[in-house]
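Here is the file start_4.pdb (PDB, C-alpha atoms).
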```pdb
ATOM      1  CA  MET A 118      83.634  82.244  97.025
ATOM      2  CA  ASP A 119      80.118  82.515  95.625
ATOM      3  CA  LEU A 120      78.441  85.296  93.635
ATOM      4  CA  LEU A 121      76.970  87.011  96.689
ATOM      5  CA  SER A 122      80.395  87.175  98.358
ATOM      6  CA  VAL A 123      81.952  88.576  95.176
ATOM      7  CA  LEU A 124      79.256  91.249  94.889
ATOM      8  CA  LEU A 125      79.583  92.219  98.551
ATOM      9  CA  ILE A 126      83.362  92.464  98.177
ATOM     10  CA  ALA A 127      82.870  94.601  95.051
ATOM     11  CA  VAL A 128      80.595  96.978  96.963
ATOM     12  CA  GLY A 129      82.963  97.044  99.938
ATOM     13  CA  LEU A 130      85.969  97.810  97.764
ATOM     14  CA  SER A 131      84.125 100.571  95.921
ATOM     15  CA  MET A 132      83.439 102.549  99.104
ATOM     16  CA  ASP A 133      86.840 104.304  99.120
ATOM     17  CA  ALA A 134      86.281 105.355  95.513
ATOM     18  CA  PHE A 135      82.724 106.389  96.405
ATOM     19  CA  ALA A 136      84.011 108.605  99.227
ATOM     20  CA  VAL A 137      86.579 110.243  96.932
ATOM     21  CA  SER A 138      83.920 110.667  94.229
ATOM     22  CA  ILE A 139      81.694 112.512  96.698
ATOM     23  CA  CYS A 140      84.587 114.883  97.386
ATOM     24  CA  LYS A 141      85.072 115.358  93.648
ATOM     25  CA  GLY A 142      81.386 116.184  93.310
ATOM     26  CA  LEU A 143      81.617 118.664  96.157
ATOM     27  CA  ALA A 144      84.523 120.473  94.509
ATOM     28  CA  MET A 145      83.012 120.675  91.010
ATOM     29  CA  ARG A 146      80.966 123.723  90.152
ATOM     30  CA  ARG A 147      79.049 121.991  87.375
ATOM     31  CA  ILE A 148      78.500 118.240  87.166
ATOM     32  CA  THR A 149      78.100 116.671  83.732
ATOM     33  CA  LEU A 150      77.588 113.044  82.774
ATOM     34  CA  LYS A 151      81.000 113.171  81.073
ATOM     35  CA  ASN A 152      82.727 114.316  84.294
ATOM     36  CA  ALA A 153      81.005 111.605  86.335
ATOM     37  CA  ALA A 154      81.912 108.998  83.676
ATOM     38  CA  VAL A 155      85.588 110.049  83.743
ATOM     39  CA  VAL A 156      85.716 109.593  87.519
ATOM     40  CA  GLY A 157      83.849 106.276  87.284
ATOM     41  CA  ALA A 158      86.080 104.964  84.494
ATOM     42  CA  TRP A 159      89.322 105.736  86.352
ATOM     43  CA  PHE A 160      88.195 104.200  89.628
ATOM     44  CA  GLY A 161      86.412 101.260  88.000
ATOM     45  CA  ALA A 162      89.366 100.337  85.796
ATOM     46  CA  PHE A 163      91.817 100.254  88.693
ATOM     47  CA  GLN A 164      89.416  98.430  91.028
ATOM     48  CA  GLY A 165      89.173  95.741  88.337
ATOM     49  CA  LEU A 166      92.879  95.653  87.454
ATOM     50  CA  MET A 167      94.264  95.534  90.987
ATOM     51  CA  PRO A 168      92.518  92.355  92.185
ATOM     52  CA  PHE A 169      93.534  90.569  88.989
ATOM     53  CA  THR A 170      97.140  91.625  89.575
ATOM     54  CA  GLY A 171      96.859  90.403  93.172
ATOM     55  CA  TYR A 172      95.385  87.107  91.956
ATOM     56  CA  LEU A 173      98.310  86.566  89.551
ATOM     57  CA  LEU A 174     100.765  87.237  92.380
ATOM     58  CA  GLY A 175      98.832  84.991  94.765
ATOM     59  CA  VAL A 176      98.751  82.061  92.308
ATOM     60  CA  GLN A 177     102.561  82.007  92.312
ATOM     61  CA  PHE A 178     102.601  81.347  96.053
ATOM     62  CA  GLU A 179      99.460  79.182  96.310
ATOM     63  CA  ARG A 180     101.174  75.890  97.116
ATOM     64  CA  PHE A 181     103.100  77.513  99.983
ATOM     65  CA  VAL A 182     100.068  78.983 101.703
ATOM     66  CA  ASN A 183      97.271  76.555 100.809
ATOM     67  CA  ALA A 184      96.946  75.264 104.376
ATOM     68  CA  ILE A 185      96.577  78.752 105.842
ATOM     69  CA  ALA A 186      94.613  80.299 102.946
ATOM     70  CA  PRO A 187      91.381  80.988 104.858
ATOM     71  CA  TRP A 188      93.352  82.621 107.683
ATOM     72  CA  VAL A 189      95.269  84.796 105.225
ATOM     73  CA  ALA A 190      92.056  85.820 103.428
ATOM     74  CA  PHE A 191      90.398  86.592 106.775
ATOM     75  CA  ALA A 192      93.412  88.625 107.925
ATOM     76  CA  LEU A 193      93.686  90.591 104.661
ATOM     77  CA  LEU A 194      89.990  91.425 104.448
ATOM     78  CA  SER A 195      89.794  92.255 108.160
ATOM     79  CA  LEU A 196      92.847  94.524 108.002
ATOM     80  CA  ILE A 197      91.481  96.326 104.957
ATOM     81  CA  GLY A 198      88.078  96.725 106.596
ATOM     82  CA  ALA A 199      89.578  97.862 109.894
ATOM     83  CA  ASN A 200      91.707 100.428 108.059
ATOM     84  CA  MET A 201      88.620 101.785 106.320
ATOM     85  CA  LEU A 202      86.830 102.044 109.678
ATOM     86  CA  ARG A 203      89.858 103.751 111.252
ATOM     87  CA  GLU A 204      89.936 106.314 108.442
ATOM     88  CA  ALA A 205      86.179 106.891 108.751
ATOM     89  CA  PHE A 206      86.353 107.568 112.494
ATOM     90  CA  SER A 207      89.607 109.557 112.416
ATOM     91  CA  GLY A 208      87.988 112.422 110.544
ATOM     92  CA  GLU A 209      91.179 113.074 108.587
ATOM     93  CA  GLU A 210      90.753 114.769 105.219
ATOM     94  CA  LYS A 211      93.090 114.161 102.315
ATOM     95  CA  PRO A 212      93.814 117.484 100.603
ATOM     96  CA  GLU A 213      94.126 115.944  97.132
ATOM     97  CA  GLU A 214      90.558 114.675  97.365
ATOM     98  CA  GLU A 215      89.180 118.189  97.636
ATOM     99  CA  THR A 216      90.268 119.433  94.219
ATOM    100  CA  ALA A 217      87.903 119.581  91.254
ATOM    101  CA  THR A 218      90.392 118.833  88.494
ATOM    102  CA  LEU A 219      90.107 115.652  86.427
ATOM    103  CA  HIS A 220      93.681 115.864  85.153
ATOM    104  CA  PRO A 221      94.947 112.351  84.223
ATOM    105  CA  ARG A 222      97.930 112.550  86.578
ATOM    106  CA  GLU A 223      95.737 113.385  89.568
ATOM    107  CA  MET A 224      93.101 110.807  88.629
ATOM    108  CA  LEU A 225      95.821 108.161  88.261
ATOM    109  CA  MET A 226      97.108 108.880  91.773
ATOM    110  CA  LEU A 227      93.604 108.790  93.257
ATOM    111  CA  ALA A 228      92.679 105.611  91.355
ATOM    112  CA  VAL A 229      95.801 103.808  92.563
ATOM    113  CA  ALA A 230      95.359 105.071  96.129
ATOM    114  CA  THR A 231      91.736 103.898  96.317
ATOM    115  CA  SER A 232      92.472 100.502  94.737
ATOM    116  CA  ILE A 233      95.478  99.299  96.765
ATOM    117  CA  ASP A 234      93.066  97.370  99.003
ATOM    118  CA  ALA A 235      91.816  95.514  95.924
ATOM    119  CA  LEU A 236      95.325  94.140  95.329
ATOM    120  CA  ALA A 237      95.149  92.312  98.653
ATOM    121  CA  VAL A 238      91.648  91.054  97.845
ATOM    122  CA  GLY A 239      93.019  89.624  94.584
ATOM    123  CA  ILE A 240      95.582  87.651  96.571
ATOM    124  CA  SER A 241      92.723  86.224  98.634
ATOM    125  CA  TYR A 242      91.008  85.151  95.363
ATOM    126  CA  ALA A 243      94.029  82.928  94.672
ATOM    127  CA  MET A 244      93.712  81.324  98.094
ATOM    128  CA  VAL A 245      89.916  81.074  98.256
ATOM    129  CA  PRO A 246      88.954  80.700  94.563
ATOM    130  CA  VAL A 247      85.886  82.381  93.104
ATOM    131  CA  SER A 248      83.268  79.846  92.031
ATOM    132  CA  VAL A 249      80.460  81.565  90.135
ATOM    133  CA  LEU A 250      80.562  79.979  86.669
ATOM    134  CA  ALA A 251      81.077  76.358  85.663
ATOM    135  CA  ALA A 252      84.395  77.435  84.176
ATOM    136  CA  SER A 253      88.081  77.692  85.016
ATOM    137  CA  GLU A 254      89.395  79.464  88.085
ATOM    138  CA  MET A 255      90.894  82.138  85.815
ATOM    139  CA  ALA A 256      87.525  82.793  84.117
ATOM    140  CA  ASN A 257      85.801  83.081  87.499
ATOM    141  CA  THR A 258      88.466  85.467  88.750
ATOM    142  CA  LEU A 259      88.149  87.607  85.615
ATOM    143  CA  LEU A 260      84.385  87.726  86.168
ATOM    144  CA  ALA A 261      84.895  88.824  89.790
ATOM    145  CA  CYS A 262      87.310  91.561  88.671
ATOM    146  CA  ALA A 263      84.894  92.731  85.941
ATOM    147  CA  LEU A 264      82.024  92.865  88.447
ATOM    148  CA  THR A 265      84.198  94.881  90.827
ATOM    149  CA  ALA A 266      85.168  97.282  88.031
ATOM    150  CA  ALA A 267      81.555  97.776  86.910
ATOM    151  CA  THR A 268      80.263  98.170  90.467
ATOM    152  CA  THR A 269      82.952 100.725  91.311
ATOM    153  CA  CYS A 270      82.339 102.662  88.097
ATOM    154  CA  LEU A 271      78.604 102.984  88.754
ATOM    155  CA  ILE A 272      79.007 103.753  92.459
ATOM    156  CA  SER A 273      81.699 106.363  91.723
ATOM    157  CA  MET A 274      79.483 108.075  89.151
ATOM    158  CA  ALA A 275      76.693 108.143  91.723
ATOM    159  CA  GLY A 276      79.173 109.501  94.290
ATOM    160  CA  VAL A 277      80.031 112.479  92.089
ATOM    161  CA  ARG A 278      76.348 113.289  91.781
ATOM    162  CA  ILE A 279      75.652 112.782  95.487
ATOM    163  CA  GLY A 280      78.618 114.988  96.369
ATOM    164  CA  SER A 281      77.260 117.793  94.245
ATOM    165  CA  VAL A 282      73.723 117.489  95.628
ATOM    166  CA  PHE A 283      73.950 116.380  99.238
ATOM    167  CA  GLY A 284      77.434 117.294 100.420
ATOM    168  CA  ALA A 285      79.939 115.272 102.417
ATOM    169  CA  ARG A 286      77.623 113.864 105.082
ATOM    170  CA  TYR A 287      77.561 110.387 103.465
ATOM    171  CA  LYS A 288      81.341 110.008 103.175
ATOM    172  CA  LYS A 289      81.847 108.630 106.681
ATOM    173  CA  GLY A 290      78.888 106.267 106.374
ATOM    174  CA  ALA A 291      80.211 104.912 103.059
ATOM    175  CA  GLU A 292      83.629 104.163 104.532
ATOM    176  CA  ILE A 293      82.083 102.508 107.603
ATOM    177  CA  THR A 294      79.781 100.379 105.427
ATOM    178  CA  GLY A 295      82.673  99.301 103.206
ATOM    179  CA  GLY A 296      84.859  98.408 106.176
ATOM    180  CA  VAL A 297      82.124  96.385 107.889
ATOM    181  CA  ILE A 298      81.302  94.482 104.674
ATOM    182  CA  LEU A 299      84.941  93.469 104.129
ATOM    183  CA  ILE A 300      85.353  92.310 107.745
ATOM    184  CA  LEU A 301      82.128  90.269 107.566
ATOM    185  CA  ILE A 302      83.264  88.594 104.336
ATOM    186  CA  GLY A 303      86.547  87.687 106.064
ATOM    187  CA  VAL A 304      84.641  86.161 108.993
ATOM    188  CA  GLU A 305      82.396  84.248 106.564
ATOM    189  CA  ILE A 306      85.443  82.729 104.819
ATOM    190  CA  LEU A 307      86.845  81.587 108.172
ATOM    191  CA  LEU A 308      83.511  80.119 109.312
ATOM    192  CA  ARG A 309      83.152  78.277 106.000
ATOM    193  CA  HIS A 310      86.682  76.827 106.446
ATOM    194  CA  PHE A 311      85.650  75.357 109.806
ATOM    195  CA  GLY A 312      82.359  74.063 108.402
ATOM    196  CA  VAL A 313      80.207  76.295 110.579
ATOM    197  CA  ILE A 314      78.296  77.526 107.521
TER     198      ILE A 314
END
```

What do you get writing this file as structure tokens?
Amino acid sequence: MDLLSVLLIAVGLSMDAFAVSICKGLAMRRITLKNAAVVGAWFGAFQGLMPFTGYLLGVQFERFVNAIAPWVAFALLSLIGANMLREAFSGEEKPEEETATLHPREMLMLAVATSIDALAVGISYAMVPVSVLAASEMANTLLACALTAATTCLISMAGVRIGSVFGARYKKGAEITGGVILILIGVEILLRHFGVI
């Protein structure tokens, strides 16, 4: 996986957190940089930690699934993307996303809930290794996780601000964009496996 793929995956994964951040911004009466940074830090940290955890789990099973790795990566990314699209078009609202509190217990639940998809992406990193630096696979994976964390943090902070200014009209678009990006990355991995690109 090259740098562009990693960055697109990072943006795709951050869309759930972005959508929740918009809801947080909607519910807050007064937005401060500190409040936005708290939301960004929670979501960013978990979006970075989860793929690394998934990578460590995936490495344990690498030799068993090496032959079907591109198919597994395609399936995981496509399922995640399809789920995001389903949620976007279903119009369902999660009540916990509508509250303004930044209590650690609530933020922990939201951070875990929005980063579960990243765990599966981390497993795909073990099967289709990240190749950005002329370094070890572990170093490249850590870089991918750090980029995902930073991207999610910044996008979540922006989401809080957007939620407070523009309202919820961008939430559906963010989820659709994230879902489409993840599906396209999955297709790209499969096409690369067959030598089409």

Using all atoms listed in the file, pick whichever of A:Met145, A:Ala153, A:Val176, A:Ala158 has the shortest atom-to-atom distance to Val245 in chain A. A:Val176

Calculate how many Å separate CA of Gly175 in chain A from CA of Glu223 in chain A, rounding to one decimal.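 CA of Glu223 in chain A lies 29.0 Å from CA of Gly175 in chain A.
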
Give me the residues near range 270-283 of chain A as a list in words, where near means some atom within 8 Å (using all atoms listed in the file) and where sequence neighbours in that chain fewer than 4 positions away do not count.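 Near range 270-283 of chain A, the qualifying residues are Ser131, Ala134, Phe135, Ala136, Val137, Ser138, Ile139, Cys140, Lys141, Gly142, Leu143, Ala144, Met145, Ile148, Ala153, Ala154, Val156, Gly157, Ala158, Trp159, Phe160, Gly161, Ala162 and Ala266 of chain A.
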
Go through the shown structure with the PyMOL selection byres ((chain A and resi 170) around 10) and write out the matching residues as an MDAnalysis selection string. chainID A and resid 165:169 171:175 235:240 262

How about saving the chosen residues, C-alpha atoms kept, as a tab-separated table (two decimals), in the frame of the given file?
```tsv
chain	number	residue	atom	x	y	z
A	165	GLY	CA	89.17	95.74	88.34
A	166	LEU	CA	92.88	95.65	87.45
A	167	MET	CA	94.26	95.53	90.99
A	168	PRO	CA	92.52	92.36	92.18
A	169	PHE	CA	93.53	90.57	88.99
A	171	GLY	CA	96.86	90.40	93.17
A	172	TYR	CA	95.38	87.11	91.96
A	173	LEU	CA	98.31	86.57	89.55
A	174	LEU	CA	100.76	87.24	92.38
A	175	GLY	CA	98.83	84.99	94.76
A	235	ALA	CA	91.82	95.51	95.92
A	236	LEU	CA	95.32	94.14	95.33
A	237	ALA	CA	95.15	92.31	98.65
A	238	VAL	CA	91.65	91.05	97.84
A	239	GLY	CA	93.02	89.62	94.58
A	240	ILE	CA	95.58	87.65	96.57
A	262	CYS	CA	87.31	91.56	88.67
```

May I have a table of the residues of range 124-215 of chain A lying at most 8 Å from range 290-308 of chain A, giving each one's closest pair of atoms and their distance in Å to one decimal, counting only C-alpha atoms, ordered by chain and ascending residue number, as CSV?
```
residue,atom,partner,partner_atom,distance
A:Leu125,CA,A:Ile298,CA,6.8
A:Ile126,CA,A:Leu299,CA,6.2
A:Val128,CA,A:Gly295,CA,7.0
A:Gly129,CA,A:Gly295,CA,4.0
A:Leu130,CA,A:Gly295,CA,6.5
A:Ser131,CA,A:Gly295,CA,7.5
A:Met132,CA,A:Gly295,CA,5.3
A:Asp133,CA,A:Glu292,CA,6.3
A:Phe135,CA,A:Ala291,CA,7.3
A:Ala136,CA,A:Ala291,CA,6.5
A:Pro187,CA,A:Leu307,CA,5.6
A:Trp188,CA,A:Leu307,CA,6.6
A:Ala190,CA,A:Gly303,CA,6.4
A:Phe191,CA,A:Gly303,CA,4.1
A:Ala192,CA,A:Gly303,CA,7.2
A:Leu193,CA,A:Gly303,CA,7.8
A:Leu194,CA,A:Gly303,CA,5.3
A:Ser195,CA,A:Ile300,CA,4.5
A:Leu196,CA,A:Ile300,CA,7.8
A:Ile197,CA,A:Gly296,CA,7.0
A:Gly198,CA,A:Gly296,CA,3.7
A:Ala199,CA,A:Gly296,CA,6.0
A:Asn200,CA,A:Gly296,CA,7.4
A:Met201,CA,A:Gly296,CA,5.1
A:Leu202,CA,A:Ile293,CA,5.2
A:Glu204,CA,A:Glu292,CA,7.7
A:Ala205,CA,A:Glu292,CA,5.6
```

Please dump the current selection as a PDB file, keeping the file's coordinate frame; keep C-alpha atoms.
```pdb
ATOM      1  CA  LEU A 125      79.583  92.219  98.551  1.00  0.00           C
ATOM      2  CA  ILE A 126      83.362  92.464  98.177  1.00  0.00           C
ATOM      3  CA  VAL A 128      80.595  96.978  96.963  1.00  0.00           C
ATOM      4  CA  GLY A 129      82.963  97.044  99.938  1.00  0.00           C
ATOM      5  CA  LEU A 130      85.969  97.810  97.764  1.00  0.00           C
ATOM      6  CA  SER A 131      84.125 100.571  95.921  1.00  0.00           C
ATOM      7  CA  MET A 132      83.439 102.549  99.104  1.00  0.00           C
ATOM      8  CA  ASP A 133      86.840 104.304  99.120  1.00  0.00           C
ATOM      9  CA  PHE A 135      82.724 106.389  96.405  1.00  0.00           C
ATOM     10  CA  ALA A 136      84.011 108.605  99.227  1.00  0.00           C
ATOM     11  CA  PRO A 187      91.381  80.988 104.858  1.00  0.00           C
ATOM     12  CA  TRP A 188      93.352  82.621 107.683  1.00  0.00           C
ATOM     13  CA  ALA A 190      92.056  85.820 103.428  1.00  0.00           C
ATOM     14  CA  PHE A 191      90.398  86.592 106.775  1.00  0.00           C
ATOM     15  CA  ALA A 192      93.412  88.625 107.925  1.00  0.00           C
ATOM     16  CA  LEU A 193      93.686  90.591 104.661  1.00  0.00           C
ATOM     17  CA  LEU A 194      89.990  91.425 104.448  1.00  0.00           C
ATOM     18  CA  SER A 195      89.794  92.255 108.160  1.00  0.00           C
ATOM     19  CA  LEU A 196      92.847  94.524 108.002  1.00  0.00           C
ATOM     20  CA  ILE A 197      91.481  96.326 104.957  1.00  0.00           C
ATOM     21  CA  GLY A 198      88.078  96.725 106.596  1.00  0.00           C
ATOM     22  CA  ALA A 199      89.578  97.862 109.894  1.00  0.00           C
ATOM     23  CA  ASN A 200      91.707 100.428 108.059  1.00  0.00           C
ATOM     24  CA  MET A 201      88.620 101.785 106.320  1.00  0.00           C
ATOM     25  CA  LEU A 202      86.830 102.044 109.678  1.00  0.00           C
ATOM     26  CA  GLU A 204      89.936 106.314 108.442  1.00  0.00           C
ATOM     27  CA  ALA A 205      86.179 106.891 108.751  1.00  0.00           C
TER      28      ALA A 205
END
```

Within 7 Å of Leu120 in chain A, counting all atoms listed in the file, which residues qualify if same-chain residues fewer than 3 places away don't, as an mmCIF file with C-alpha atoms, in the frame of the given file?
```
data_model
loop_
_atom_site.group_PDB
_atom_site.id
_atom_site.type_symbol
_atom_site.label_atom_id
_atom_site.label_comp_id
_atom_site.auth_asym_id
_atom_site.auth_seq_id
_atom_site.Cartn_x
_atom_site.Cartn_y
_atom_site.Cartn_z
ATOM 1 C CA VAL A 123 81.952 88.576 95.176
ATOM 2 C CA LEU A 124 79.256 91.249 94.889
ATOM 3 C CA VAL A 249 80.460 81.565 90.135
#
```

Shortest interatomic distance to Thr269 in chain A - which of A:Ala256, A:Ala228, A:Leu121, A:Ala251, counting only C-alpha atoms: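 Result for the nearest residue to Thr269 in chain A: A:Ala228.
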
Name the residues in contact with Met118 in chain A at a cut-off of 7 Å, using all atoms listed in the file, excluding same-chain residues fewer than 6 positions from it; report them as a list of chain:residue names. A:Val245, A:Pro246, A:Val247, A:Ser248

So how many Å separate CA of Ser207 in chain A and CA of Met226 in chain A, to one decimal? 22.0 Å

Distance CA of Asp119 in chain A-CA of Tyr242 in chain A, one decimal place?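 Taking CA of Asp119 in chain A and CA of Tyr242 in chain A, their separation equals 11.2 Å.
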